[in-house]
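J.: If it helps, the file is called final_8.pdb and holds PDB, C-alpha atoms:
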```pdb
ATOM      1  CA  MET A   1     -51.833 -15.762-125.806
ATOM      2  CA  THR A   2     -48.696 -16.997-124.204
ATOM      3  CA  PRO A   3     -46.213 -17.004-127.108
ATOM      4  CA  PRO A   4     -46.304 -13.272-127.804
ATOM      5  CA  LEU A   5     -46.295 -12.591-124.119
ATOM      6  CA  SER A   6     -43.271 -14.739-123.464
ATOM      7  CA  ARG A   7     -41.478 -13.270-126.434
ATOM      8  CA  ARG A   8     -42.190  -9.826-125.192
ATOM      9  CA  THR A   9     -40.966 -10.638-121.744
ATOM     10  CA  PHE A  10     -37.872 -12.159-123.250
ATOM     11  CA  ALA A  11     -37.297  -9.072-125.323
ATOM     12  CA  THR A  12     -37.692  -6.772-122.360
ATOM     13  CA  ALA A  13     -35.513  -8.980-120.238
ATOM     14  CA  ALA A  14     -32.839  -9.090-122.924
ATOM     15  CA  ALA A  15     -32.967  -5.336-123.266
ATOM     16  CA  GLY A  16     -32.949  -4.921-119.518
ATOM     17  CA  VAL A  17     -29.832  -6.952-118.814
ATOM     18  CA  PRO A  18     -27.328  -4.698-120.618
ATOM     19  CA  ALA A  19     -29.023  -1.615-119.232
ATOM     20  CA  ALA A  20     -28.684  -2.938-115.717
ATOM     21  CA  SER A  21     -25.019  -3.800-116.191
ATOM     22  CA  LEU A  22     -24.399  -0.350-117.619
ATOM     23  CA  LEU A  23     -25.901   1.223-114.542
ATOM     24  CA  ALA A  24     -23.768  -0.966-112.345
ATOM     25  CA  GLY A  25     -20.676   0.131-114.268
ATOM     26  CA  CYS A  26     -21.506   3.796-113.845
ATOM     27  CA  GLY A  27     -22.239   3.358-110.198
ATOM     28  CA  GLY A  28     -18.880   1.776-109.502
ATOM     29  CA  GLY A  29     -16.820   4.921-109.881
ATOM     30  CA  PRO A  30     -18.463   7.232-107.411
ATOM     31  CA  GLY A  31     -18.815   4.376-104.942
ATOM     32  CA  GLU A  32     -15.069   3.995-104.783
ATOM     33  CA  ARG A  33     -14.643   7.680-104.154
ATOM     34  CA  THR A  34     -16.961   7.669-101.179
ATOM     35  CA  GLU A  35     -14.853   4.958 -99.576
ATOM     36  CA  HIS A  36     -12.348   7.577 -98.599
ATOM     37  CA  ALA A  37     -14.898   9.517 -96.623
ATOM     38  CA  THR A  38     -13.485  10.784 -93.397
ATOM     39  CA  GLY A  39     -15.282  11.953 -90.348
ATOM     40  CA  SER A  40     -14.862  15.670 -89.864
ATOM     41  CA  PRO A  41     -13.089  16.761 -86.693
ATOM     42  CA  PRO A  42     -15.426  17.830 -83.933
ATOM     43  CA  ARG A  43     -14.025  21.328 -83.686
ATOM     44  CA  SER A  44     -16.047  24.239 -84.987
ATOM     45  CA  THR A  45     -15.843  27.982 -85.063
ATOM     46  CA  PRO A  46     -18.842  30.093 -84.118
ATOM     47  CA  GLY A  47     -20.293  31.780 -87.194
ATOM     48  CA  ALA A  48     -18.523  29.463 -89.636
ATOM     49  CA  ALA A  49     -20.512  27.908 -92.451
ATOM     50  CA  LYS A  50     -21.550  24.323 -91.960
ATOM     51  CA  ALA A  51     -19.119  21.845 -93.463
ATOM     52  CA  VAL A  52     -20.023  20.085 -96.693
ATOM     53  CA  GLY A  53     -19.735  16.306 -97.113
ATOM     54  CA  ARG A  54     -16.562  14.913 -98.623
ATOM     55  CA  SER A  55     -16.581  14.940-102.415
ATOM     56  CA  VAL A  56     -13.737  15.514-104.827
ATOM     57  CA  PRO A  57     -13.743  18.940-106.556
ATOM     58  CA  VAL A  58     -14.375  18.850-110.292
ATOM     59  CA  ARG A  59     -14.625  22.503-111.288
ATOM     60  CA  LEU A  60     -13.430  25.845-109.974
ATOM     61  CA  ARG A  61     -14.970  29.211-110.767
ATOM     62  CA  ILE A  62     -13.661  32.586-109.659
ATOM     63  CA  PRO A  63     -15.914  35.154-111.363
ATOM     64  CA  GLY A  64     -13.825  38.138-110.256
ATOM     65  CA  ILE A  65     -10.794  37.099-112.302
ATOM     66  CA  GLY A  66     -12.478  35.080-115.049
ATOM     67  CA  VAL A  67     -11.418  31.632-113.896
ATOM     68  CA  ASP A  68     -13.600  28.694-114.907
ATOM     69  CA  THR A  69     -11.569  25.511-115.021
ATOM     70  CA  PRO A  70     -11.833  21.772-114.480
ATOM     71  CA  VAL A  71      -9.988  20.543-111.416
ATOM     72  CA  ILE A  72      -7.638  17.565-111.554
ATOM     73  CA  ARG A  73      -6.153  15.566-108.676
ATOM     74  CA  LEU A  74      -2.606  16.148-107.514
ATOM     75  CA  GLY A  75      -0.507  14.029-105.225
ATOM     76  CA  LEU A  76       3.084  14.172-104.087
ATOM     77  CA  ALA A  77       6.111  14.325-106.359
ATOM     78  CA  ALA A  78       9.008  11.937-105.799
ATOM     79  CA  ASP A  79      10.936  14.611-103.888
ATOM     80  CA  GLY A  80       8.120  15.118-101.386
ATOM     81  CA  THR A  81       6.909  18.396-102.863
ATOM     82  CA  VAL A  82       3.365  18.794-104.038
ATOM     83  CA  GLN A  83       2.660  17.869-107.654
ATOM     84  CA  VAL A  84       1.595  20.706-109.943
ATOM     85  CA  PRO A  85      -0.707  20.571-112.966
ATOM     86  CA  PRO A  86       0.947  19.702-116.289
ATOM     87  CA  ILE A  87       2.459  22.517-118.348
ATOM     88  CA  THR A  88       0.092  22.672-121.302
ATOM     89  CA  ALA A  89      -1.981  25.121-123.223
ATOM     90  CA  HIS A  90      -5.296  25.639-121.412
ATOM     91  CA  ASP A  91      -3.800  24.327-118.205
ATOM     92  CA  ARG A  92      -6.109  23.381-115.371
ATOM     93  CA  ALA A  93      -6.155  23.790-111.624
ATOM     94  CA  GLY A  94      -5.419  20.815-109.387
ATOM     95  CA  TRP A  95      -6.593  19.784-105.936
ATOM     96  CA  TYR A  96      -4.036  18.328-103.542
ATOM     97  CA  GLU A  97      -5.568  14.965-102.716
ATOM     98  CA  HIS A  98      -4.099  14.676 -99.221
ATOM     99  CA  SER A  99      -5.915  17.822 -98.164
ATOM    100  CA  PRO A 100      -9.624  17.958 -97.284
ATOM    101  CA  THR A 101     -12.046  18.315-100.158
ATOM    102  CA  PRO A 102     -13.457  21.855-100.496
ATOM    103  CA  GLY A 103     -16.145  22.377 -97.880
ATOM    104  CA  GLU A 104     -14.801  19.771 -95.482
ATOM    105  CA  PHE A 105     -13.253  20.848 -92.223
ATOM    106  CA  GLY A 106      -9.689  21.947 -92.756
ATOM    107  CA  PRO A 107      -7.603  23.626 -95.439
ATOM    108  CA  SER A 108      -8.419  22.345 -98.909
ATOM    109  CA  VAL A 109      -5.540  23.161-101.255
ATOM    110  CA  ILE A 110      -5.903  23.940-104.963
ATOM    111  CA  LEU A 111      -2.927  24.855-107.149
ATOM    112  CA  GLY A 112      -2.608  26.410-110.577
ATOM    113  CA  HIS A 113       0.047  27.980-112.753
ATOM    114  CA  VAL A 114       0.481  31.705-113.220
ATOM    115  CA  THR A 115       2.287  31.115-116.515
ATOM    116  CA  VAL A 116       2.941  27.931-118.467
ATOM    117  CA  GLY A 117       6.201  28.709-120.237
ATOM    118  CA  ALA A 118       5.857  28.856-124.005
ATOM    119  CA  TYR A 119       2.082  28.492-123.732
ATOM    120  CA  GLY A 120       1.757  31.866-122.081
ATOM    121  CA  ASP A 121      -0.578  32.697-119.234
ATOM    122  CA  GLY A 122      -1.720  30.038-116.813
ATOM    123  CA  VAL A 123      -5.124  29.480-115.268
ATOM    124  CA  PHE A 124      -4.196  31.456-112.111
ATOM    125  CA  ARG A 125      -2.588  34.368-113.997
ATOM    126  CA  HIS A 126      -4.733  36.958-112.206
ATOM    127  CA  LEU A 127      -4.884  35.316-108.785
ATOM    128  CA  ALA A 128      -2.993  38.194-107.171
ATOM    129  CA  ARG A 129      -5.844  40.539-108.144
ATOM    130  CA  LEU A 130      -8.277  38.877-105.762
ATOM    131  CA  ARG A 131      -9.390  40.904-102.809
ATOM    132  CA  ARG A 132     -10.949  40.137 -99.469
ATOM    133  CA  GLY A 133     -14.576  39.074 -99.894
ATOM    134  CA  ASP A 134     -14.242  37.936-103.498
ATOM    135  CA  ARG A 135     -16.207  34.819-104.269
ATOM    136  CA  ILE A 136     -14.799  31.406-105.165
ATOM    137  CA  ASP A 137     -17.113  28.569-106.229
ATOM    138  CA  VAL A 138     -16.096  24.948-106.261
ATOM    139  CA  ARG A 139     -18.317  22.306-107.817
ATOM    140  CA  LEU A 140     -17.941  18.882-106.265
ATOM    141  CA  GLY A 141     -18.220  15.446-107.786
ATOM    142  CA  ASN A 142     -21.505  14.784-106.002
ATOM    143  CA  GLY A 143     -23.098  17.747-107.779
ATOM    144  CA  THR A 144     -23.077  20.162-104.867
ATOM    145  CA  GLU A 145     -21.311  23.515-104.836
ATOM    146  CA  ALA A 146     -19.164  24.973-102.105
ATOM    147  CA  ALA A 147     -18.940  28.762-102.066
ATOM    148  CA  PHE A 148     -15.970  30.471-100.457
ATOM    149  CA  ALA A 149     -15.071  34.079 -99.757
ATOM    150  CA  VAL A 150     -11.501  35.356 -99.824
ATOM    151  CA  THR A 151     -10.235  36.213 -96.362
ATOM    152  CA  ALA A 152      -6.610  37.072 -97.141
ATOM    153  CA  LEU A 153      -4.026  37.156 -99.888
ATOM    154  CA  ARG A 154      -0.336  36.754 -99.259
ATOM    155  CA  THR A 155       2.718  36.912-101.471
ATOM    156  CA  VAL A 156       5.610  35.100 -99.812
ATOM    157  CA  ALA A 157       9.099  34.107-100.871
ATOM    158  CA  LYS A 158       9.262  30.427-101.805
ATOM    159  CA  ALA A 159      12.222  30.112 -99.467
ATOM    160  CA  ASP A 160       9.931  31.107 -96.595
ATOM    161  CA  PHE A 161       6.840  29.174 -97.637
ATOM    162  CA  PRO A 162       4.394  29.286 -94.703
ATOM    163  CA  THR A 163       3.741  25.542 -94.486
ATOM    164  CA  ASP A 164       1.843  25.750 -91.203
ATOM    165  CA  ASP A 165      -0.427  28.546 -92.372
ATOM    166  CA  VAL A 166      -1.252  26.720 -95.601
ATOM    167  CA  TYR A 167      -1.482  23.090 -94.505
ATOM    168  CA  GLY A 168      -2.009  23.441 -90.753
ATOM    169  CA  ASP A 169      -5.284  22.614 -88.999
ATOM    170  CA  VAL A 170      -8.050  25.193 -88.895
ATOM    171  CA  GLY A 171     -11.377  25.319 -87.101
ATOM    172  CA  ARG A 172     -13.615  25.610 -90.158
ATOM    173  CA  PRO A 173     -13.809  24.614 -93.828
ATOM    174  CA  GLU A 174     -11.236  26.701 -95.682
ATOM    175  CA  LEU A 175      -9.652  26.892 -99.092
ATOM    176  CA  ARG A 176      -6.134  27.742-100.283
ATOM    177  CA  LEU A 177      -5.393  28.764-103.842
ATOM    178  CA  ILE A 178      -1.706  28.743-104.649
ATOM    179  CA  THR A 179       0.251  29.969-107.634
ATOM    180  CA  CYS A 180       3.567  31.639-108.319
ATOM    181  CA  GLY A 181       4.336  35.333-108.415
ATOM    182  CA  GLY A 182       6.840  38.052-107.762
ATOM    183  CA  PRO A 183       9.992  38.661-109.773
ATOM    184  CA  LYS A 184      11.257  36.003-112.149
ATOM    185  CA  SER A 185      14.494  34.255-111.474
ATOM    186  CA  GLY A 186      15.478  32.178-114.486
ATOM    187  CA  ALA A 187      12.664  29.855-115.479
ATOM    188  CA  GLU A 188      10.952  30.240-112.089
ATOM    189  CA  TYR A 189       9.334  32.842-109.901
ATOM    190  CA  ARG A 190      10.732  33.917-106.579
ATOM    191  CA  ASP A 191       7.429  33.996-104.698
ATOM    192  CA  ASN A 192       4.204  32.161-104.131
ATOM    193  CA  VAL A 193       0.854  33.910-104.179
ATOM    194  CA  ILE A 194      -1.501  32.302-101.677
ATOM    195  CA  VAL A 195      -5.206  33.084-101.408
ATOM    196  CA  PHE A 196      -6.881  32.147 -98.143
ATOM    197  CA  ALA A 197     -10.658  31.693 -98.251
ATOM    198  CA  ALA A 198     -13.360  30.398 -95.939
ATOM    199  CA  LEU A 199     -16.611  28.608 -96.671
ATOM    200  CA  SER A 200     -19.335  31.224 -96.774
ATOM    201  CA  THR A 201     -22.861  30.848 -95.493
ATOM    202  CA  ARG A 202     -25.247  31.191 -98.391
TER     203      ARG A 202
ATOM    204  CA  MET B   1     -65.954 -28.222-146.378
ATOM    205  CA  ARG B   2     -62.536 -27.187-147.449
ATOM    206  CA  ARG B   3     -62.915 -24.012-145.527
ATOM    207  CA  THR B   4     -63.811 -25.866-142.365
ATOM    208  CA  VAL B   5     -60.934 -28.292-142.878
ATOM    209  CA  LEU B   6     -58.578 -25.415-143.379
ATOM    210  CA  SER B   7     -59.868 -23.604-140.356
ATOM    211  CA  VAL B   8     -59.536 -26.747-138.267
ATOM    212  CA  LEU B   9     -55.974 -27.102-139.518
ATOM    213  CA  ALA B  10     -55.222 -23.530-138.629
ATOM    214  CA  LEU B  11     -56.688 -24.037-135.195
ATOM    215  CA  ALA B  12     -54.594 -27.142-134.729
ATOM    216  CA  CYS B  13     -51.493 -25.274-135.761
ATOM    217  CA  THR B  14     -52.156 -22.445-133.334
ATOM    218  CA  ALA B  15     -52.825 -24.985-130.614
ATOM    219  CA  VAL B  16     -49.477 -26.647-131.305
ATOM    220  CA  LEU B  17     -47.765 -23.285-131.297
ATOM    221  CA  ALA B  18     -49.469 -22.389-128.067
ATOM    222  CA  ALA B  19     -48.316 -25.643-126.561
ATOM    223  CA  THR B  20     -44.742 -25.169-127.671
ATOM    224  CA  GLY B  21     -44.763 -21.542-126.596
ATOM    225  CA  PRO B  22     -44.194 -22.200-122.924
ATOM    226  CA  ALA B  23     -41.449 -24.645-123.821
ATOM    227  CA  LEU B  24     -39.761 -21.888-125.783
ATOM    228  CA  ALA B  25     -40.375 -19.565-122.926
ATOM    229  CA  ASP B  26     -38.671 -22.068-120.647
ATOM    230  CA  GLU B  27     -35.559 -22.065-122.738
ATOM    231  CA  THR B  28     -35.333 -18.335-123.038
ATOM    232  CA  SER B  29     -36.262 -17.618-119.485
ATOM    233  CA  THR B  30     -33.532 -19.831-118.129
ATOM    234  CA  GLN B  31     -31.090 -17.565-119.917
ATOM    235  CA  ALA B  32     -32.315 -14.150-119.149
ATOM    236  CA  ALA B  33     -35.873 -13.657-118.047
ATOM    237  CA  PRO B  34     -36.506 -14.157-114.382
ATOM    238  CA  THR B  35     -39.957 -12.637-114.777
ATOM    239  CA  ALA B  36     -41.330 -15.411-117.008
ATOM    240  CA  THR B  37     -44.382 -16.878-115.381
ATOM    241  CA  ALA B  38     -44.323 -20.451-116.717
ATOM    242  CA  ILE B  39     -41.157 -21.703-115.059
ATOM    243  CA  PRO B  40     -40.999 -21.552-111.368
ATOM    244  CA  SER B  41     -38.064 -23.904-110.880
ATOM    245  CA  PRO B  42     -35.063 -22.072-112.446
ATOM    246  CA  VAL B  43     -36.286 -18.666-111.461
ATOM    247  CA  PRO B  44     -36.177 -18.993-107.694
ATOM    248  CA  THR B  45     -32.677 -20.403-107.802
ATOM    249  CA  GLU B  46     -31.527 -17.539-109.984
ATOM    250  CA  ASP B  47     -33.304 -15.105-107.782
ATOM    251  CA  ALA B  48     -31.753 -16.701-104.775
ATOM    252  CA  THR B  49     -28.267 -16.285-106.156
ATOM    253  CA  ALA B  50     -29.070 -12.831-107.407
ATOM    254  CA  SER B  51     -30.348 -11.752-104.038
ATOM    255  CA  ALA B  52     -27.378 -13.368-102.366
ATOM    256  CA  VAL B  53     -24.948 -11.302-104.400
ATOM    257  CA  PRO B  54     -26.403  -7.919-103.486
ATOM    258  CA  THR B  55     -26.361  -8.809 -99.820
ATOM    259  CA  GLU B  56     -22.701  -9.647-100.181
ATOM    260  CA  ASP B  57     -22.240  -6.328-101.917
ATOM    261  CA  ALA B  58     -24.121  -4.660 -99.153
ATOM    262  CA  THR B  59     -21.801  -6.126 -96.593
ATOM    263  CA  ALA B  60     -18.824  -5.191 -98.749
ATOM    264  CA  SER B  61     -20.020  -1.624 -98.984
ATOM    265  CA  ALA B  62     -20.777  -1.625 -95.309
ATOM    266  CA  VAL B  63     -17.214  -2.603 -94.516
ATOM    267  CA  PRO B  64     -15.620   0.552 -95.985
ATOM    268  CA  ALA B  65     -18.229   2.585 -94.179
ATOM    269  CA  GLU B  66     -16.688   1.631 -90.875
ATOM    270  CA  PRO B  67     -12.947   1.972 -91.448
ATOM    271  CA  PRO B  68     -12.798   5.490 -92.901
ATOM    272  CA  THR B  69     -11.692   6.667 -89.512
ATOM    273  CA  ALA B  70      -8.835   4.170 -89.687
ATOM    274  CA  ALA B  71      -8.013   4.578 -93.375
ATOM    275  CA  PRO B  72      -6.526   8.093 -93.152
ATOM    276  CA  THR B  73      -4.159   6.978 -90.438
ATOM    277  CA  GLU B  74      -2.861   4.311 -92.817
ATOM    278  CA  ASP B  75      -2.391   6.997 -95.431
ATOM    279  CA  ILE B  76      -0.565   9.065 -92.920
ATOM    280  CA  ALA B  77       1.834   6.323 -92.034
ATOM    281  CA  SER B  78       3.032   5.537 -95.558
ATOM    282  CA  PRO B  79       4.665   8.595 -97.217
ATOM    283  CA  GLU B  80       7.675  10.323 -95.803
ATOM    284  CA  PRO B  81       6.796  13.987 -95.237
ATOM    285  CA  THR B  82       4.341  13.584 -92.405
ATOM    286  CA  GLN B  83       3.066  15.227 -89.289
ATOM    287  CA  VAL B  84       0.937  14.141 -86.385
ATOM    288  CA  PRO B  85      -1.754  11.615 -87.434
ATOM    289  CA  ASP B  86      -4.590  13.869 -86.349
ATOM    290  CA  ASP B  87      -3.891  16.504 -89.010
ATOM    291  CA  GLN B  88      -6.553  17.623 -91.456
ATOM    292  CA  VAL B  89      -3.962  17.527 -94.233
ATOM    293  CA  SER B  90      -2.809  13.944 -93.913
ATOM    294  CA  VAL B  91       0.484  14.378 -95.774
ATOM    295  CA  VAL B  92       2.120  17.774 -95.717
ATOM    296  CA  PRO B  93       4.318  18.398 -98.765
ATOM    297  CA  SER B  94       7.789  19.734 -98.299
ATOM    298  CA  GLY B  95       8.936  23.008 -99.819
ATOM    299  CA  ALA B  96       7.003  25.445-101.961
ATOM    300  CA  PRO B  97       4.931  24.512-104.994
ATOM    301  CA  ASP B  98       6.456  25.336-108.361
ATOM    302  CA  THR B  99       3.362  26.761-109.981
ATOM    303  CA  GLY B 100       4.818  28.855-112.742
ATOM    304  CA  VAL B 101       7.196  28.334-115.611
ATOM    305  CA  THR B 102       8.247  31.759-116.755
ATOM    306  CA  PRO B 103       7.383  32.638-120.326
ATOM    307  CA  GLU B 104      10.983  33.704-121.069
ATOM    308  CA  ASP B 105      11.613  30.396-122.797
ATOM    309  CA  SER B 106       8.812  31.263-125.165
ATOM    310  CA  GLY B 107      10.758  34.240-126.544
ATOM    311  CA  SER B 108      12.082  32.272-129.502
ATOM    312  CA  GLY B 109       8.634  30.792-130.096
ATOM    313  CA  ALA B 110       7.027  34.221-130.146
ATOM    314  CA  GLY B 111       9.749  35.409-132.502
ATOM    315  CA  LEU B 112       9.027  32.532-134.844
ATOM    316  CA  VAL B 113       5.332  33.339-134.843
ATOM    317  CA  GLY B 114       6.035  36.991-135.510
ATOM    318  CA  GLY B 115       8.480  36.133-138.290
ATOM    319  CA  GLY B 116       5.976  33.787-139.869
ATOM    320  CA  ALA B 117       3.280  36.416-139.820
ATOM    321  CA  ALA B 118       5.642  38.970-141.390
ATOM    322  CA  ALA B 119       6.618  36.500-144.123
ATOM    323  CA  ALA B 120       2.967  35.801-144.904
ATOM    324  CA  LEU B 121       2.218  39.514-145.124
ATOM    325  CA  GLY B 122       5.205  40.042-147.425
ATOM    326  CA  LEU B 123       4.093  37.232-149.735
ATOM    327  CA  GLY B 124       0.586  38.673-149.908
ATOM    328  CA  GLY B 125       1.937  42.110-150.714
ATOM    329  CA  ALA B 126       4.160  40.718-153.465
ATOM    330  CA  ALA B 127       1.219  38.888-155.012
ATOM    331  CA  VAL B 128      -0.911  42.029-155.036
ATOM    332  CA  PHE B 129       1.957  43.952-156.587
ATOM    333  CA  VAL B 130       2.426  41.383-159.368
ATOM    334  CA  VAL B 131      -1.291  41.311-160.170
ATOM    335  CA  ARG B 132      -1.477  45.097-160.329
ATOM    336  CA  ARG B 133       1.563  45.262-162.624
ATOM    337  CA  ARG B 134       0.047  42.690-164.960
ATOM    338  CA  ARG B 135      -3.176  44.680-165.162
ATOM    339  CA  ALA B 136      -1.259  47.887-165.684
ATOM    340  CA  THR B 137       0.641  46.386-168.610
ATOM    341  CA  GLY B 138      -2.720  45.753-170.280
ATOM    342  CA  ALA B 139      -2.813  42.007-170.155
TER     343      ALA B 139
END
```
Go ahead and render the structure in this file as structure tokens.

T.:
Amino acid sequence: MTPPLSRRTFATAAAGVPAASLLAGCGGGPGERTEHATGSPPRSTPGAAKAVGRSVPVRLRIPGIGVDTPVIRLGLAADGTVQVPPITAHDRAGWYEHSPTPGEFGPSVILGHVTVGAYGDGVFRHLARLRRGDRIDVRLGNGTEAAFAVTALRTVAKADFPTDDVYGDVGRPELRLITCGGPKSGAEYRDNVIVFAALSTR
Amino acid sequence: MRRTVLSVLALACTAVLAATGPALADETSTQAAPTATAIPSPVPTEDATASAVPTEDATASAVPAEPPTAAPTEDIASPEPTQVPDDQVSVVPSGAPDTGVTPEDSGSGAGLVGGGAAAALGLGGAAVFVVRRRRATGA
């Protein structure tokens, strides 16, 4: 009979409309992110792991020093320095949004605090304990994971921050983890601890 | 007889309902249901507009797919601390990141916590002492 059929179709249609709009709403976010996709430079290093597609990092895990943290986005501060994550309890790491995403060609930069004032230790409190070969996993917004291996660790005076080494071009997908370290001077630290890592072939 | 009259009435009623059903379906389907079979006229127009929108979306999404190579250069041009446009890091920050607020400021906070804990312990001890004295006095 037609009446029950039409009612049923109406019911399914009515139920379907909000569901479809919900899906459209969810799909909008990631779509905007992919707009910023950039073509990776043609350079490559023999033996380097293949670059991963551009996707914003959402989580960082460093099993060797017990780090498992969400990753926020960081831009530039008004004075031209890089923004740092907020000083809070359970502070998080932050990815510098003008650097490549982890796994893309180039140096992807992630920052975190060593200490957060009155709140105590920061998320990167043990960063200086990392050693060459230690594993760093970054989960990306598109669900994939990029695995890195530590290649070097440097502690440098903030006054002599190696801008070129940290932000300069490289021939493979790399990662920089930056925090503070060294002796304290007032409310700050004298040095930066910088971990250099490269995308590892699985 | 009555039964047959009643059954005829019931049949007539169902027939009327069946006849009005598609009309109802028309009304509802114009609102939401493009899959309704009875009404061809509103559905194609809706479908036409619906299909037109996605194609527009498709072109809109196709547009950003082309410029990404140009977009970073725009990013590069805007903020002050910059380098050559070809850089992998489009905007290089100046100076060193300030990724640590020393916990020295927290000294007073830690002292407060410690003092609070000591006060709580003292209160507990006093309470135990009072209770024991009461029991000892034979209350």

J.: Counting all atoms listed in the file, which residue out of A:Pro57, A:Pro162, A:Pro102, A:Gly66 sits closest to Pro97 (chain B)?

T.: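 For Pro97 (chain B), the nearest of the given residues is A:Pro162.
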
J.: Need the neighbours of (7.8, 24.6, -112.3): which residues are at most 9 Å away, counting all atoms listed in the file, as a count of residues only?

T.: 13

J.: Please report the interatomic distance between CA of Phe196 (chain A) and CA of Ala152 (chain A) in Å with one decimal.

T.: 5.0 Å

J.: Would you work out the distance separating CA of Glu104 (chain A) from CA of Val56 (chain A), expressed in Å to one decimal?

T.: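 Taking CA of Glu104 (chain A) and CA of Val56 (chain A), their separation equals 10.3 Å.
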
J.: Report as a list of chain:residue names the residues that result from applying the PyMOL selection byres ((chain A and resi 178) around 6) to the structure here.

T.: A:Leu111, A:Leu177, A:Thr179, A:Val193, A:Ile194

J.: Could you check the closest approach to chain B for each of A:Ile110, A:Leu127, A:Val52, A:Ala118 and tell me which residue wins, using all atoms listed in the file?

T.: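 That would be A:Ala118, the residue with the smallest distance to chain B.
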
J.: Determine, counting all atoms listed in the file, which protein, DNA and RNA residues have an atom within 9 Å of an atom of Val109 (chain A); residues of the same chain fewer than 3 positions away are not included. Present the result as a ChimeraX atom specification.

T.: /A:94-102,166-167,174-178

J.: Step by step, work through what the PyMOL selection byres ((chain B and resi 89-95) around 6) selects in the shown file, and finish by giving those residues as an NGL selection string.

T.: (:A and (80-82 or 98-99)) or (:B and (76 or 82 or 87-88 or 96))

J.: Please indicate the distance in Å from CA of Pro70 (chain A) to CA of Thr115 (chain A), rounded to one decimal place.

T.: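 Separating CA of Pro70 (chain A) from CA of Thr115 (chain A) is a distance of 17.1 Å.
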
J.: Residues near Gly182 (chain A), anyone? I mean within 9 Å using all atoms listed in the file, not counting same-chain ones fewer than 5 positions away, as a count of residues only.

T.: 8

J.: Applied to the shown file, which residues does the PyMOL selection byres ((chain A and resi 137) around 10) return, written as a ChimeraX atom specification?

T.: /A:59-63,68,102,135-136,138-140,145-149,199

J.: For each of A:Lys158, A:Arg129, A:Arg172, A:Arg54, take the minimum atom-to-atom distance to chain B, counting all atoms listed in the file, then give the residue where this is smallest.

T.: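 Using all atoms listed in the file, chain B sits closest to A:Lys158.
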
J.: Taking all atoms listed in the file into account, which of A:Gln83, A:Thr88, A:Ser55, A:Thr201 comes nearest chain B?

T.: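 Answer, going by the shortest atom-to-atom distance: A:Gln83.
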
J.: Find the smallest box with edges along x, y and z containing every listed atom of region 133-150 of chain A, then add 5 Å on each side and report centre and edge lengths in Å to one decimal, as lines of an AutoDock Vina configuration file.

T.:
```
center_x = -17.3
center_y = 26.9
center_z = -103.8
size_x = 21.6
size_y = 34.3
size_z = 18.1
```

J.: In terms of the shortest atom-to-atom distance over only C-alpha atoms, which of A:Gly75, A:Gly112, A:Val150, A:Asp160 is closest to His126 (chain A)?

T.: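 With only C-alpha atoms as the atom set, the closest residue is A:Gly112.
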